[in-house]
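K.L.:
Here it is: the structure, laid out below.
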Amino acid sequence: MTDTTPPAPQIDADFLKILNSDRVSERTRAIMAARAKADDPDYAPRYFSPEAFAVLQALFARVLPQEAVLGAARIDLAARLDQRLSGPGDGWRFAFLPSDAEAYRQGLSILNGAAQARFGHDFAVISEARQDELLHAIDAGALEAKAWSAQQLSAWFSDVRADAVQLFISHPAVQGRLGISAIANGGDGFFQGFTAMGEGVREAWEPVRAGDEA
């Protein structure tokens with residue numbers, strides 16, 4: 001890791017206790033361990049071109065500012081999406097958009113082209129304020145391109161935000177910081193589950209997070 005590479009997020013000790021308890025199956029534990037692996041700072045995209053990958057990284061940085069949860073640590077959401085798009089998808093998409101992988105390829109190209117047309121530079125290097133200007137226009141359905149309508153761009157951008165949140169919140173360090181204990185639904189061969197449900201309600205075995213009432 002170079003001096004400029006953000007550190008990988010560390011899993012909270014209380015969450016680790018739950019993760020390693022008999023309330024979590026071996027299969028779930030293995031999945032979470034894979035998600036917790038540190039990202040390669042020299043990751044080379046498999047699906048995206050280097051230019052498109054730079055746009056994707058800048059886009060995710062504006063869509064989901066990680067410092068609110070992780071402080072200085074970072075998860076490379078762009079690398080994780082690139083890995084996911086390199087394999088089979090979940091089969092769901094908007095009917096008026098191409099497949100997930102192709103939609104990202106086209107959407108990032110349109111976004112970068114809009115940045116070049118409006119500001120004379122790639123999306124990845126313009127200021128955050130200008131990046132936000134473009135993204136707000138897409139979200140509001142106020143930006144069109146030759147290839148896509150404003151509705152298509154807005155729908156694609158909603159998928160981008162959903163993917164960013166899904167990739168982020170699936171990381172065990174994030175779940176630990178947010179006090180999410182959903183993985184503890186039962187170990188191998190038996191099901192404990194939860195008995196108390198509701199906003200602000202926790203089981204006796206769940207850790208008390210900062211700000212929670214004991």
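Simple scheme: letters A, B, ... for chains in structure tokens order, numbers from 1 for residues in each chain, numbers from 1 for ligands in the order shown.
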Could you name the residues that touch range 190-199 of chain A at 12 Å or less, counting only C-alpha atoms, but leaving out those on the same chain fewer than 2 positions away, as JSON, numbers by chain?
P.N.:
{"A": [21, 22, 23, 24, 25, 180, 181, 182, 183, 184, 185, 186, 187, 188, 201, 202, 203, 204, 205, 206, 212]}
K.L.:
Put those residues in a file: N, CA, C and O atoms, as a tab-separated table (two decimals), in the first residue's frame.
P.N.:
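Result file is out_18.tsv:
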```tsv
chain	number	residue	atom	x	y	z
A	21	SER	N	-19.68	-16.34	16.00
A	21	SER	CA	-20.51	-17.07	16.95
A	21	SER	C	-21.33	-18.16	16.24
A	21	SER	O	-21.35	-18.25	15.01
A	22	ASP	N	-22.03	-18.98	17.04
A	22	ASP	CA	-22.85	-20.04	16.46
A	22	ASP	C	-24.16	-19.51	15.89
A	22	ASP	O	-25.00	-20.27	15.40
A	23	ARG	N	-24.34	-18.20	15.90
A	23	ARG	CA	-25.52	-17.59	15.29
A	23	ARG	C	-25.32	-17.33	13.80
A	23	ARG	O	-26.24	-16.86	13.13
A	24	VAL	N	-24.13	-17.62	13.29
A	24	VAL	CA	-23.80	-17.39	11.89
A	24	VAL	C	-23.32	-18.70	11.28
A	24	VAL	O	-22.45	-19.37	11.85
A	25	SER	N	-23.85	-19.05	10.12
A	25	SER	CA	-23.45	-20.29	9.46
A	25	SER	C	-22.06	-20.15	8.84
A	25	SER	O	-21.59	-19.05	8.58
A	180	ILE	N	-25.70	-3.35	12.18
A	180	ILE	CA	-26.58	-4.29	11.46
A	180	ILE	C	-26.21	-5.72	11.84
A	180	ILE	O	-25.08	-6.15	11.62
A	181	SER	N	-27.15	-6.44	12.41
A	181	SER	CA	-26.88	-7.82	12.87
A	181	SER	C	-27.65	-8.86	12.07
A	181	SER	O	-27.85	-9.99	12.53
A	182	ALA	N	-28.09	-8.50	10.87
A	182	ALA	CA	-28.95	-9.39	10.09
A	182	ALA	C	-28.30	-10.72	9.72
A	182	ALA	O	-29.00	-11.69	9.44
A	183	ILE	N	-26.96	-10.76	9.72
A	183	ILE	CA	-26.28	-12.01	9.37
A	183	ILE	C	-26.49	-13.09	10.43
A	183	ILE	O	-26.33	-14.28	10.17
A	184	ALA	N	-26.87	-12.69	11.64
A	184	ALA	CA	-26.97	-13.64	12.76
A	184	ALA	C	-28.35	-14.28	12.79
A	184	ALA	O	-29.08	-14.19	13.78
A	185	ASN	N	-28.71	-14.95	11.71
A	185	ASN	CA	-30.05	-15.56	11.63
A	185	ASN	C	-30.03	-17.05	11.89
A	185	ASN	O	-31.03	-17.74	11.69
A	186	GLY	N	-28.90	-17.58	12.31
A	186	GLY	CA	-28.84	-18.99	12.67
A	186	GLY	C	-27.59	-19.67	12.18
A	186	GLY	O	-27.08	-19.34	11.10
A	187	GLY	N	-27.09	-20.59	12.98
A	187	GLY	CA	-25.88	-21.32	12.62
A	187	GLY	C	-26.19	-22.54	11.79
A	187	GLY	O	-27.30	-22.73	11.28
A	188	ASP	N	-25.20	-23.41	11.64
A	188	ASP	CA	-25.36	-24.61	10.83
A	188	ASP	C	-26.25	-25.63	11.53
A	188	ASP	O	-26.00	-26.00	12.68
A	201	VAL	N	-35.05	-1.51	18.24
A	201	VAL	CA	-35.17	-2.67	19.12
A	201	VAL	C	-33.99	-3.60	18.87
A	201	VAL	O	-33.62	-3.85	17.73
A	202	ARG	N	-33.38	-4.11	19.93
A	202	ARG	CA	-32.27	-5.03	19.76
A	202	ARG	C	-32.42	-6.20	20.70
A	202	ARG	O	-33.06	-6.11	21.75
A	203	GLU	N	-31.81	-7.31	20.30
A	203	GLU	CA	-31.78	-8.50	21.15
A	203	GLU	C	-30.74	-8.31	22.26
A	203	GLU	O	-29.82	-7.49	22.13
A	204	ALA	N	-30.85	-9.09	23.30
A	204	ALA	CA	-29.91	-8.97	24.42
A	204	ALA	C	-28.49	-9.29	24.00
A	204	ALA	O	-27.53	-8.76	24.58
A	205	TRP	N	-28.33	-10.15	22.98
A	205	TRP	CA	-27.00	-10.56	22.56
A	205	TRP	C	-26.37	-9.58	21.56
A	205	TRP	O	-25.19	-9.69	21.25
A	206	GLU	N	-27.14	-8.63	21.04
A	206	GLU	CA	-26.60	-7.67	20.09
A	206	GLU	C	-25.81	-6.59	20.81
A	206	GLU	O	-26.20	-6.14	21.89
A	212	ASP	N	-26.87	4.36	21.11
A	212	ASP	CA	-28.01	3.51	21.44
A	212	ASP	C	-28.30	3.59	22.92
A	212	ASP	O	-27.42	3.82	23.75
```
K.L.:
Considering only helix (DSSP H, G or I) as DSSP defines it on the backbone, what residues of range 89-211 of chain A qualify? List them as number ranges by chain.
P.N.:
A: 100-119, 128-139, 150-169, 172-178
K.L.:
Quick one: distance from CA of Ala173 in chain A to CA of Asp40 in chain A in Å, one decimal?
P.N.:
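CA of Asp40 in chain A lies at a distance of 17.0 Å from CA of Ala173 in chain A.
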K.L.:
Find the residues of range 21-40 of chain A that sit at most 12 Å from range 58-76 of chain A; for each, write down the nearest two atoms and how far apart they are in Å, to one decimal. Count only C-alpha atoms. Sort by chain, then by number going up, and give it as CSV.
P.N.:
```
residue,atom,partner,partner_atom,distance
A:Arg35,CA,A:Ile75,CA,10.0
A:Ala36,CA,A:Ile75,CA,9.4
A:Lys37,CA,A:Ile75,CA,9.9
A:Ala38,CA,A:Ile75,CA,8.0
A:Asp39,CA,A:Asp76,CA,6.3
A:Asp40,CA,A:Asp76,CA,8.5
```
K.L.:
With a distance cut-off of 10 Å and only C-alpha atoms, select the neighbouring residues of Val160 in chain A, excluding the residue or stretch itself and same-chain residues fewer than 3 positions from it, and output the selection as a ChimeraX atom specification.
P.N.:
/A:56,59-60,63,100,104,107,154-157,163-166
K.L.:
Which neighbours of range 125-138 of chain A fall inside 8 Å, counting only C-alpha atoms, when residues of the same chain fewer than 4 positions from it are skipped, and could you give them as a PyMOL selection string?
P.N.:
chain A and resi 62+111+114-115+119+121+142-143+150+153-154+157
K.L.:
Export all heavy atoms of the chosen residues as a PDB file, in the first residue's frame?
P.N.:
```pdb
ATOM      1  N   ARG A  62     -18.981  10.495  -5.638  1.00  0.00           N
ATOM      2  CA  ARG A  62     -19.999  11.524  -5.448  1.00  0.00           C
ATOM      3  C   ARG A  62     -21.311  10.919  -4.975  1.00  0.00           C
ATOM      4  O   ARG A  62     -22.043  11.528  -4.189  1.00  0.00           O
ATOM      5  CB  ARG A  62     -20.246  12.291  -6.759  1.00  0.00           C
ATOM      6  CG  ARG A  62     -19.060  13.026  -7.295  1.00  0.00           C
ATOM      7  CD  ARG A  62     -18.348  13.846  -6.229  1.00  0.00           C
ATOM      8  NE  ARG A  62     -19.214  14.828  -5.599  1.00  0.00           N
ATOM      9  CZ  ARG A  62     -19.085  15.235  -4.343  1.00  0.00           C
ATOM     10  NH1 ARG A  62     -18.136  14.731  -3.560  1.00  0.00           N
ATOM     11  NH2 ARG A  62     -19.908  16.140  -3.850  1.00  0.00           N
ATOM     12  N   LEU A 111     -22.011  10.012 -19.707  1.00  0.00           N
ATOM     13  CA  LEU A 111     -21.677  10.941 -18.625  1.00  0.00           C
ATOM     14  C   LEU A 111     -20.367  11.664 -18.919  1.00  0.00           C
ATOM     15  O   LEU A 111     -20.262  12.889 -18.737  1.00  0.00           O
ATOM     16  CB  LEU A 111     -21.571  10.170 -17.305  1.00  0.00           C
ATOM     17  CG  LEU A 111     -21.148  10.977 -16.071  1.00  0.00           C
ATOM     18  CD1 LEU A 111     -22.121  12.118 -15.792  1.00  0.00           C
ATOM     19  CD2 LEU A 111     -21.041  10.049 -14.854  1.00  0.00           C
ATOM     20  N   ALA A 114     -20.846  14.191 -21.675  1.00  0.00           N
ATOM     21  CA  ALA A 114     -21.545  15.389 -21.195  1.00  0.00           C
ATOM     22  C   ALA A 114     -20.593  16.313 -20.453  1.00  0.00           C
ATOM     23  O   ALA A 114     -20.664  17.542 -20.591  1.00  0.00           O
ATOM     24  CB  ALA A 114     -22.707  14.982 -20.288  1.00  0.00           C
ATOM     25  N   ALA A 115     -19.674  15.738 -19.668  1.00  0.00           N
ATOM     26  CA  ALA A 115     -18.682  16.548 -18.956  1.00  0.00           C
ATOM     27  C   ALA A 115     -17.750  17.250 -19.934  1.00  0.00           C
ATOM     28  O   ALA A 115     -17.422  18.438 -19.774  1.00  0.00           O
ATOM     29  CB  ALA A 115     -17.882  15.675 -17.999  1.00  0.00           C
ATOM     30  N   PHE A 119     -17.939  21.163 -19.901  1.00  0.00           N
ATOM     31  CA  PHE A 119     -16.828  21.754 -19.147  1.00  0.00           C
ATOM     32  C   PHE A 119     -15.465  21.592 -19.822  1.00  0.00           C
ATOM     33  O   PHE A 119     -14.465  22.108 -19.321  1.00  0.00           O
ATOM     34  CB  PHE A 119     -16.775  21.140 -17.749  1.00  0.00           C
ATOM     35  CG  PHE A 119     -18.059  21.302 -16.978  1.00  0.00           C
ATOM     36  CD1 PHE A 119     -18.794  20.190 -16.597  1.00  0.00           C
ATOM     37  CD2 PHE A 119     -18.531  22.565 -16.646  1.00  0.00           C
ATOM     38  CE1 PHE A 119     -19.978  20.328 -15.892  1.00  0.00           C
ATOM     39  CE2 PHE A 119     -19.721  22.711 -15.936  1.00  0.00           C
ATOM     40  CZ  PHE A 119     -20.444  21.595 -15.560  1.00  0.00           C
ATOM     41  N   HIS A 121     -13.611  18.903 -20.080  1.00  0.00           N
ATOM     42  CA  HIS A 121     -12.716  17.922 -19.453  1.00  0.00           C
ATOM     43  C   HIS A 121     -13.498  16.663 -19.106  1.00  0.00           C
ATOM     44  O   HIS A 121     -14.735  16.677 -19.041  1.00  0.00           O
ATOM     45  CB  HIS A 121     -12.091  18.496 -18.172  1.00  0.00           C
ATOM     46  CG  HIS A 121     -11.226  19.694 -18.401  1.00  0.00           C
ATOM     47  ND1 HIS A 121      -9.947  19.604 -18.909  1.00  0.00           N
ATOM     48  CD2 HIS A 121     -11.457  21.021 -18.194  1.00  0.00           C
ATOM     49  CE1 HIS A 121      -9.415  20.805 -19.000  1.00  0.00           C
ATOM     50  NE2 HIS A 121     -10.311  21.693 -18.571  1.00  0.00           N
ATOM     51  N   ALA A 142     -33.144  15.960 -16.771  1.00  0.00           N
ATOM     52  CA  ALA A 142     -32.916  17.182 -17.547  1.00  0.00           C
ATOM     53  C   ALA A 142     -31.709  17.079 -18.456  1.00  0.00           C
ATOM     54  O   ALA A 142     -31.250  18.101 -18.982  1.00  0.00           O
ATOM     55  CB  ALA A 142     -32.745  18.368 -16.591  1.00  0.00           C
ATOM     56  N   LEU A 143     -31.178  15.883 -18.631  1.00  0.00           N
ATOM     57  CA  LEU A 143     -30.012  15.711 -19.493  1.00  0.00           C
ATOM     58  C   LEU A 143     -30.299  14.596 -20.485  1.00  0.00           C
ATOM     59  O   LEU A 143     -30.689  13.494 -20.102  1.00  0.00           O
ATOM     60  CB  LEU A 143     -28.772  15.361 -18.660  1.00  0.00           C
ATOM     61  CG  LEU A 143     -27.437  15.308 -19.417  1.00  0.00           C
ATOM     62  CD1 LEU A 143     -27.039  16.696 -19.892  1.00  0.00           C
ATOM     63  CD2 LEU A 143     -26.339  14.722 -18.540  1.00  0.00           C
ATOM     64  N   ALA A 150     -33.577  11.227 -21.694  1.00  0.00           N
ATOM     65  CA  ALA A 150     -33.406  11.685 -20.317  1.00  0.00           C
ATOM     66  C   ALA A 150     -33.967  10.666 -19.340  1.00  0.00           C
ATOM     67  O   ALA A 150     -33.413  10.458 -18.250  1.00  0.00           O
ATOM     68  CB  ALA A 150     -34.100  13.037 -20.131  1.00  0.00           C
ATOM     69  N   LEU A 153     -31.408   7.837 -18.936  1.00  0.00           N
ATOM     70  CA  LEU A 153     -30.285   8.270 -18.112  1.00  0.00           C
ATOM     71  C   LEU A 153     -30.665   8.318 -16.637  1.00  0.00           C
ATOM     72  O   LEU A 153     -29.903   7.887 -15.768  1.00  0.00           O
ATOM     73  CB  LEU A 153     -29.802   9.645 -18.562  1.00  0.00           C
ATOM     74  CG  LEU A 153     -28.763   9.688 -19.679  1.00  0.00           C
ATOM     75  CD1 LEU A 153     -28.528  11.127 -20.122  1.00  0.00           C
ATOM     76  CD2 LEU A 153     -27.459   9.040 -19.246  1.00  0.00           C
ATOM     77  N   SER A 154     -31.844   8.840 -16.340  1.00  0.00           N
ATOM     78  CA  SER A 154     -32.293   8.936 -14.957  1.00  0.00           C
ATOM     79  C   SER A 154     -32.476   7.551 -14.345  1.00  0.00           C
ATOM     80  O   SER A 154     -32.111   7.310 -13.185  1.00  0.00           O
ATOM     81  CB  SER A 154     -33.603   9.722 -14.895  1.00  0.00           C
ATOM     82  OG  SER A 154     -34.056   9.855 -13.566  1.00  0.00           O
ATOM     83  N   PHE A 157     -29.114   6.028 -13.629  1.00  0.00           N
ATOM     84  CA  PHE A 157     -28.501   6.641 -12.455  1.00  0.00           C
ATOM     85  C   PHE A 157     -29.124   6.103 -11.166  1.00  0.00           C
ATOM     86  O   PHE A 157     -28.432   5.981 -10.152  1.00  0.00           O
ATOM     87  CB  PHE A 157     -28.645   8.163 -12.525  1.00  0.00           C
ATOM     88  CG  PHE A 157     -27.927   8.903 -11.442  1.00  0.00           C
ATOM     89  CD1 PHE A 157     -26.607   8.606 -11.122  1.00  0.00           C
ATOM     90  CD2 PHE A 157     -28.554   9.907 -10.728  1.00  0.00           C
ATOM     91  CE1 PHE A 157     -25.929   9.287 -10.110  1.00  0.00           C
ATOM     92  CE2 PHE A 157     -27.900  10.594  -9.726  1.00  0.00           C
ATOM     93  CZ  PHE A 157     -26.589  10.288  -9.410  1.00  0.00           C
TER      94      PHE A 157
END
```
K.L.:
Hey, what's within 8 Å of Tyr47 in chain A if we count only C-alpha atoms and toss same-chain stuff fewer than 2 positions away? As a list in words, please?
P.N.:
Pro45, Ser49, Asp82, Gln83, Leu85 and Ser86 of chain A
K.L.:
Could you take the residues named above and write them with N, CA and C atoms, as a CSV table (one decimal), in the first residue's frame?
P.N.:
```csv
chain,number,residue,atom,x,y,z
A,45,PRO,N,-9.0,-3.1,-14.0
A,45,PRO,CA,-10.4,-3.5,-14.4
A,45,PRO,C,-10.4,-4.6,-15.4
A,49,SER,N,-12.8,-0.2,-19.5
A,49,SER,CA,-11.5,0.4,-20.0
A,49,SER,C,-11.0,1.3,-18.8
A,82,ASP,N,-16.8,-3.8,-11.0
A,82,ASP,CA,-16.2,-4.4,-12.2
A,82,ASP,C,-16.1,-5.9,-12.1
A,83,GLN,N,-15.8,-6.4,-10.9
A,83,GLN,CA,-15.7,-7.9,-10.7
A,83,GLN,C,-17.1,-8.5,-10.9
A,85,LEU,N,-19.7,-7.3,-12.6
A,85,LEU,CA,-20.2,-7.2,-14.0
A,85,LEU,C,-19.4,-8.2,-14.9
A,86,SER,N,-18.2,-8.6,-14.5
A,86,SER,CA,-17.5,-9.6,-15.3
A,86,SER,C,-18.1,-11.0,-15.3
```
K.L.:
Quick check, in Å to one decimal: how far apart do CA of Ser109 in chain A and CA of Ala95 in chain A lie?
P.N.:
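These two atoms are separated by 20.0 Å.
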